[in-house]
$ cat target.cif   # mmCIF, C-alpha atoms
data_input
loop_
_atom_site.label_atom_id
_atom_site.label_comp_id
_atom_site.auth_asym_id
_atom_site.auth_seq_id
_atom_site.Cartn_x
_atom_site.Cartn_y
_atom_site.Cartn_z
CA MET A 5 0.00 0.00 0.00
CA SER A 6 1.38 3.37 -0.98
CA ASN A 7 1.61 6.35 1.33
CA THR A 8 0.88 8.83 -1.44
CA LEU A 9 -2.52 10.39 -1.81
CA THR A 10 -4.13 9.24 -5.06
CA LEU A 11 -7.56 9.89 -6.49
CA ASP A 12 -7.51 7.01 -8.99
CA PRO A 13 -9.12 4.15 -7.01
CA LEU A 14 -12.09 6.17 -5.75
CA PRO A 15 -14.60 7.81 -8.08
CA LEU A 16 -15.23 11.51 -7.62
CA PRO A 17 -18.75 12.67 -6.87
CA SER A 18 -20.36 14.59 -9.70
CA GLU A 19 -19.48 18.24 -10.11
CA ARG A 20 -23.16 19.14 -10.01
CA LYS A 21 -23.59 17.56 -6.56
CA PHE A 22 -20.42 19.29 -5.39
CA GLY A 23 -21.69 22.66 -6.63
CA LEU A 24 -25.11 22.18 -5.08
CA LEU A 25 -23.54 21.21 -1.77
CA PHE A 26 -21.45 24.37 -1.62
CA ALA A 27 -24.35 26.48 -2.85
CA GLY A 28 -26.42 25.14 0.03
CA ILE A 29 -23.61 25.76 2.50
CA GLY A 30 -23.12 29.33 1.29
CA LEU A 31 -26.83 30.15 1.36
CA ALA A 32 -27.31 28.45 4.74
CA LEU A 33 -24.41 30.40 6.23
CA SER A 34 -25.86 33.60 4.82
CA ALA A 35 -29.22 32.83 6.47
CA TRP A 36 -27.48 31.92 9.72
CA GLY A 37 -25.57 35.19 9.57
CA TYR A 38 -28.84 37.07 9.18
CA VAL A 39 -30.28 35.33 12.26
CA GLN A 40 -27.12 35.95 14.28
CA GLY A 41 -26.84 39.57 13.21
CA TRP A 42 -23.62 39.39 11.21
CA SER A 43 -22.67 42.35 9.08
CA PHE A 44 -24.76 42.87 5.97
CA GLY A 45 -21.65 42.66 3.77
CA MET A 46 -20.80 39.22 5.14
CA GLN A 47 -24.34 38.00 4.53
CA ILE A 48 -24.27 39.28 0.94
CA ALA A 49 -20.82 37.76 0.31
CA LEU A 50 -21.90 34.33 1.56
CA ALA A 51 -25.14 34.51 -0.45
CA ALA A 52 -23.14 35.55 -3.54
CA VAL A 53 -20.73 32.62 -3.13
CA GLY A 54 -23.70 30.29 -2.74
CA GLY A 55 -25.36 31.81 -5.80
CA VAL A 56 -22.22 31.44 -7.91
CA PHE A 57 -21.89 27.79 -6.94
CA LEU A 58 -25.58 27.26 -7.72
CA LEU A 59 -25.26 28.85 -11.17
CA LEU A 60 -22.09 26.91 -11.97
CA ALA A 61 -23.65 23.66 -10.79
CA TRP A 62 -26.59 24.08 -13.16
CA LEU A 63 -25.01 25.85 -16.13
CA ALA A 64 -21.36 24.71 -16.28
CA PRO A 65 -20.59 21.93 -13.78
CA SER A 66 -17.33 21.04 -15.55
CA VAL A 67 -15.85 24.33 -14.29
CA LEU A 68 -16.10 22.93 -10.75
CA ARG A 69 -13.95 19.84 -11.49
CA PRO A 70 -10.66 21.28 -10.08
CA LEU A 71 -12.41 22.40 -6.89
CA ASN A 72 -14.16 19.03 -6.64
CA LYS A 73 -10.81 17.22 -6.93
CA LEU A 74 -9.23 19.53 -4.37
CA TRP A 75 -12.11 19.03 -1.93
CA PHE A 76 -11.97 15.25 -2.43
CA ALA A 77 -8.21 15.19 -1.83
CA PHE A 78 -8.71 17.26 1.32
CA GLY A 79 -11.26 14.71 2.54
CA LEU A 80 -8.86 11.83 1.88
CA LEU A 81 -6.06 13.66 3.68
CA LEU A 82 -8.36 14.44 6.60
CA GLY A 83 -9.31 10.76 6.78
CA LYS A 84 -5.66 9.72 6.83
CA VAL A 85 -4.98 12.09 9.73
CA ILE A 86 -8.14 11.73 11.81
CA SER A 87 -8.53 7.93 11.64
CA PRO A 88 -5.20 7.13 13.35
CA LEU A 89 -5.83 9.83 15.94
CA VAL A 90 -9.27 8.49 16.82
CA LEU A 91 -8.05 4.89 16.90
CA GLY A 92 -5.06 5.91 19.04
CA VAL A 93 -7.28 7.73 21.51
CA MET A 94 -9.65 4.77 21.68
CA PHE A 95 -6.75 2.38 22.24
CA PHE A 96 -5.11 4.42 24.97
CA LEU A 97 -8.38 5.28 26.73
CA LEU A 98 -10.09 1.88 26.44
CA VAL A 99 -7.63 -0.95 25.92
CA THR A 100 -4.63 0.29 27.87
CA PRO A 101 -6.45 0.81 31.21
CA PHE A 102 -7.83 -2.74 31.08
CA ALA A 103 -4.36 -4.10 30.36
CA VAL A 104 -2.81 -2.12 33.20
CA VAL A 105 -5.46 -3.22 35.69
CA GLY A 106 -5.16 -6.82 34.52
CA ARG A 107 -1.41 -6.76 34.90
CA MET A 108 -1.71 -5.21 38.37
CA MET A 109 -4.01 -8.09 39.30
CA GLY A 110 -1.39 -10.59 38.14
CA ARG A 111 -3.00 -11.74 34.89
CA ASP A 112 -0.65 -13.28 32.35
CA GLU A 113 -2.87 -14.34 29.47
CA LEU A 114 0.02 -14.88 27.06
CA ARG A 115 2.06 -16.72 29.69
CA LEU A 116 4.99 -14.37 29.25
CA LYS A 117 6.32 -14.66 32.80
CA LYS A 118 9.30 -16.95 33.21
CA ARG A 119 8.30 -20.29 34.65
CA HIS A 120 10.64 -22.96 35.88
CA VAL A 121 9.15 -26.05 34.26
CA ASP A 122 10.53 -28.95 32.25
CA SER A 123 8.44 -28.10 29.16
CA TYR A 124 6.45 -25.13 27.94
CA TRP A 125 3.97 -27.32 26.07
CA VAL A 126 0.37 -26.93 27.23
CA ASP A 127 -1.19 -30.32 27.93
CA ARG A 128 -4.74 -30.81 26.71
CA GLN A 129 -7.01 -32.23 29.36
CA SER A 130 -10.04 -33.13 27.26
CA GLY A 131 -8.50 -35.57 24.79
CA THR A 132 -9.10 -35.65 21.06
CA PRO A 133 -12.02 -33.61 19.72
CA ALA A 134 -14.76 -35.52 17.95
CA SER A 135 -14.63 -35.43 14.17
CA GLU A 136 -18.21 -34.04 14.11
CA SER A 137 -16.98 -30.84 15.74
CA PHE A 138 -15.18 -29.88 12.53
CA LYS A 139 -18.29 -30.02 10.32
CA ASN A 140 -20.48 -26.99 9.54
CA GLN A 141 -18.00 -24.53 10.99
CA PHE A 142 -19.69 -21.57 9.38
#
$ encode --input "target.cif" --output "structure tokens"
Amino acid sequence: MSNTLTLDPLPLPSERKFGLLFAGIGLALSAWGYVQGWSFGMQIALAAVGGVFLLLAWLAPSVLRPLNKLWFAFGLLLGKVISPLVLGVMFFLLVTPFAVVGRMMGRDELRLKKRHVDSYWVDRQSGTPASESFKNQF
């Protein structure tokens, strides 16, 4: 697996959907700015950006292809950064405390502690399993 960021294996969403998404975001932010009392210039600018995206999405969606690729690459990069962070936090907040508590209680599930025995083989107590136990495993 390569560490470089490529767009080849995953298909891009359509430029029209991309344009409509950003048109909606721009118009929604403009409306939110009106409710929150932002400056009139900011509201107009956000509405204009939303309007431009809306017009481009309907009239010339191919113009949005470079922005669509850039946005998609940003999403892939964000996924490559956020996923390891979230998994690391989950590991260190969930798995590590259980391991530390287990070790403090003397658990040795992998039998890593040195034992003074003649053999490290684990003897089976139950004998040979029945041949029927291997059928219909799934």
$ atom_distance --input "target.cif" --atom1 "CA of Ser34 (chain A)" --atom2 "CA of Ala52 (chain A)"
9.0 Å
$ axis_aligned_box --input "target.cif" --around "region 101-112 of chain A" --padding-each-side "4 Å" --output "JSON"
{"center_x": -4.2, "center_y": -6.2, "center_z": 34.8, "size_x": 15.2, "size_y": 22.1, "size_z": 16.9}
$ residues_around --input "target.cif" --residues "region 59-63 of chain A" --least-positions-apart "3" --cutoff "10 Å" --atoms "all atoms listed in the file" --output "PyMOL selection string"
chain A and resi 18-27+53-56+66-68
$ resolve_selection --input "target.cif" --expression "the PyMOL selection byres ((chain A and resi 72-74) around 8)" --output "PyMOL selection string"
chain A and resi 16-17+19+22+68-71+75-78
$ write_last_selection --input "target.cif" --atoms "C-alpha atoms" --output "PDB file, in the frame of the given file"
ATOM      1  CA  LEU A  16     -15.230  11.510  -7.620  1.00  0.00           C
ATOM      2  CA  PRO A  17     -18.750  12.670  -6.870  1.00  0.00           C
ATOM      3  CA  GLU A  19     -19.480  18.240 -10.110  1.00  0.00           C
ATOM      4  CA  PHE A  22     -20.420  19.290  -5.390  1.00  0.00           C
ATOM      5  CA  LEU A  68     -16.100  22.930 -10.750  1.00  0.00           C
ATOM      6  CA  ARG A  69     -13.950  19.840 -11.490  1.00  0.00           C
ATOM      7  CA  PRO A  70     -10.660  21.280 -10.080  1.00  0.00           C
ATOM      8  CA  LEU A  71     -12.410  22.400  -6.890  1.00  0.00           C
ATOM      9  CA  TRP A  75     -12.110  19.030  -1.930  1.00  0.00           C
ATOM     10  CA  PHE A  76     -11.970  15.250  -2.430  1.00  0.00           C
ATOM     11  CA  ALA A  77      -8.210  15.190  -1.830  1.00  0.00           C
ATOM     12  CA  PHE A  78      -8.710  17.260   1.320  1.00  0.00           C
TER      13      PHE A  78
END
$ closest_residue --input "target.cif" --among "A:Asn140, A:Ala51, A:Met94, A:Val104" --to "Gly37 (chain A)" --atoms "only C-alpha atoms"
A:Ala51
$ atom_distance --input "target.cif" --atom1 "CA of Val105 (chain A)" --atom2 "CA of Val121 (chain A)"
27.1 Å
$ atom_distance --input "target.cif" --atom1 "CA of Pro13 (chain A)" --atom2 "CA of Lys84 (chain A)"
15.3 Å
$ build_atoms --input "target.cif" --residues "region 35-46 of chain A" --atoms "all heavy atoms" --output "mmCIF file, in the coordinates of the input"
data_model
loop_
_atom_site.group_PDB
_atom_site.id
_atom_site.type_symbol
_atom_site.label_atom_id
_atom_site.label_comp_id
_atom_site.auth_asym_id
_atom_site.auth_seq_id
_atom_site.Cartn_x
_atom_site.Cartn_y
_atom_site.Cartn_z
ATOM 1 N N ALA A 35 -28.003 32.777 5.643
ATOM 2 C CA ALA A 35 -29.220 32.830 6.470
ATOM 3 C C ALA A 35 -28.870 32.811 7.957
ATOM 4 O O ALA A 35 -29.470 33.530 8.754
ATOM 5 C CB ALA A 35 -30.148 31.682 6.110
ATOM 6 N N TRP A 36 -27.902 31.978 8.324
ATOM 7 C CA TRP A 36 -27.480 31.920 9.720
ATOM 8 C C TRP A 36 -26.878 33.258 10.158
ATOM 9 O O TRP A 36 -27.108 33.704 11.279
ATOM 10 C CB TRP A 36 -26.458 30.798 9.901
ATOM 11 C CG TRP A 36 -25.975 30.650 11.311
ATOM 12 C CD1 TRP A 36 -24.765 31.009 11.798
ATOM 13 C CD2 TRP A 36 -26.704 30.117 12.418
ATOM 14 N NE1 TRP A 36 -24.681 30.738 13.135
ATOM 15 C CE2 TRP A 36 -25.866 30.185 13.546
ATOM 16 C CE3 TRP A 36 -27.977 29.598 12.573
ATOM 17 C CZ2 TRP A 36 -26.271 29.741 14.785
ATOM 18 C CZ3 TRP A 36 -28.374 29.153 13.824
ATOM 19 C CH2 TRP A 36 -27.516 29.232 14.909
ATOM 20 N N GLY A 37 -26.134 33.875 9.267
ATOM 21 C CA GLY A 37 -25.570 35.190 9.570
ATOM 22 C C GLY A 37 -26.652 36.244 9.769
ATOM 23 O O GLY A 37 -26.521 37.132 10.611
ATOM 24 N N TYR A 38 -27.723 36.139 9.009
ATOM 25 C CA TYR A 38 -28.840 37.070 9.180
ATOM 26 C C TYR A 38 -29.481 36.889 10.560
ATOM 27 O O TYR A 38 -29.774 37.855 11.252
ATOM 28 C CB TYR A 38 -29.877 36.838 8.076
ATOM 29 C CG TYR A 38 -31.108 37.686 8.223
ATOM 30 C CD1 TYR A 38 -31.069 39.040 7.919
ATOM 31 C CD2 TYR A 38 -32.302 37.139 8.695
ATOM 32 C CE1 TYR A 38 -32.199 39.831 8.068
ATOM 33 C CE2 TYR A 38 -33.433 37.916 8.847
ATOM 34 C CZ TYR A 38 -33.381 39.264 8.531
ATOM 35 O OH TYR A 38 -34.489 40.041 8.691
ATOM 36 N N VAL A 39 -29.671 35.624 10.954
ATOM 37 C CA VAL A 39 -30.280 35.330 12.260
ATOM 38 C C VAL A 39 -29.365 35.794 13.398
ATOM 39 O O VAL A 39 -29.837 36.332 14.402
ATOM 40 C CB VAL A 39 -30.593 33.817 12.384
ATOM 41 C CG1 VAL A 39 -30.991 33.442 13.799
ATOM 42 C CG2 VAL A 39 -31.669 33.412 11.394
ATOM 43 N N GLN A 40 -28.066 35.596 13.224
ATOM 44 C CA GLN A 40 -27.120 35.950 14.280
ATOM 45 C C GLN A 40 -26.731 37.424 14.278
ATOM 46 O O GLN A 40 -26.032 37.866 15.183
ATOM 47 C CB GLN A 40 -25.851 35.088 14.142
ATOM 48 C CG GLN A 40 -26.079 33.625 14.394
ATOM 49 C CD GLN A 40 -26.506 33.359 15.823
ATOM 50 O OE1 GLN A 40 -25.941 33.902 16.771
ATOM 51 N NE2 GLN A 40 -27.523 32.532 15.985
ATOM 52 N N GLY A 41 -27.135 38.146 13.255
ATOM 53 C CA GLY A 41 -26.840 39.570 13.210
ATOM 54 C C GLY A 41 -25.452 39.907 12.696
ATOM 55 O O GLY A 41 -24.859 40.909 13.104
ATOM 56 N N TRP A 42 -24.907 39.081 11.805
ATOM 57 C CA TRP A 42 -23.620 39.390 11.210
ATOM 58 C C TRP A 42 -23.748 40.617 10.333
ATOM 59 O O TRP A 42 -24.847 41.052 10.000
ATOM 60 C CB TRP A 42 -23.120 38.222 10.367
ATOM 61 C CG TRP A 42 -22.801 36.971 11.149
ATOM 62 C CD1 TRP A 42 -22.753 36.831 12.501
ATOM 63 C CD2 TRP A 42 -22.501 35.694 10.604
ATOM 64 N NE1 TRP A 42 -22.435 35.548 12.844
ATOM 65 C CE2 TRP A 42 -22.271 34.820 11.684
ATOM 66 C CE3 TRP A 42 -22.388 35.200 9.323
ATOM 67 C CZ2 TRP A 42 -21.941 33.490 11.519
ATOM 68 C CZ3 TRP A 42 -22.063 33.866 9.153
ATOM 69 C CH2 TRP A 42 -21.837 33.029 10.242
ATOM 70 N N SER A 43 -22.635 41.152 9.922
ATOM 71 C CA SER A 43 -22.670 42.350 9.080
ATOM 72 C C SER A 43 -23.373 42.029 7.754
ATOM 73 O O SER A 43 -23.314 40.916 7.246
ATOM 74 C CB SER A 43 -21.256 42.859 8.817
ATOM 75 O OG SER A 43 -20.573 41.972 7.959
ATOM 76 N N PHE A 44 -24.013 43.045 7.205
ATOM 77 C CA PHE A 44 -24.760 42.870 5.970
ATOM 78 C C PHE A 44 -23.833 42.466 4.821
ATOM 79 O O PHE A 44 -24.192 41.649 3.965
ATOM 80 C CB PHE A 44 -25.518 44.161 5.627
ATOM 81 C CG PHE A 44 -26.411 44.039 4.439
ATOM 82 C CD1 PHE A 44 -27.564 43.265 4.503
ATOM 83 C CD2 PHE A 44 -26.094 44.681 3.263
ATOM 84 C CE1 PHE A 44 -28.387 43.145 3.401
ATOM 85 C CE2 PHE A 44 -26.908 44.569 2.152
ATOM 86 C CZ PHE A 44 -28.061 43.793 2.222
ATOM 87 N N GLY A 45 -22.629 43.005 4.804
ATOM 88 C CA GLY A 45 -21.650 42.660 3.770
ATOM 89 C C GLY A 45 -21.278 41.186 3.799
ATOM 90 O O GLY A 45 -21.135 40.548 2.751
ATOM 91 N N MET A 46 -21.131 40.636 4.996
ATOM 92 C CA MET A 46 -20.800 39.220 5.140
ATOM 93 C C MET A 46 -21.953 38.350 4.643
ATOM 94 O O MET A 46 -21.736 37.350 3.958
ATOM 95 C CB MET A 46 -20.471 38.888 6.597
ATOM 96 C CG MET A 46 -20.137 37.434 6.829
ATOM 97 S SD MET A 46 -18.649 36.901 5.995
ATOM 98 C CE MET A 46 -17.426 37.454 7.134
#
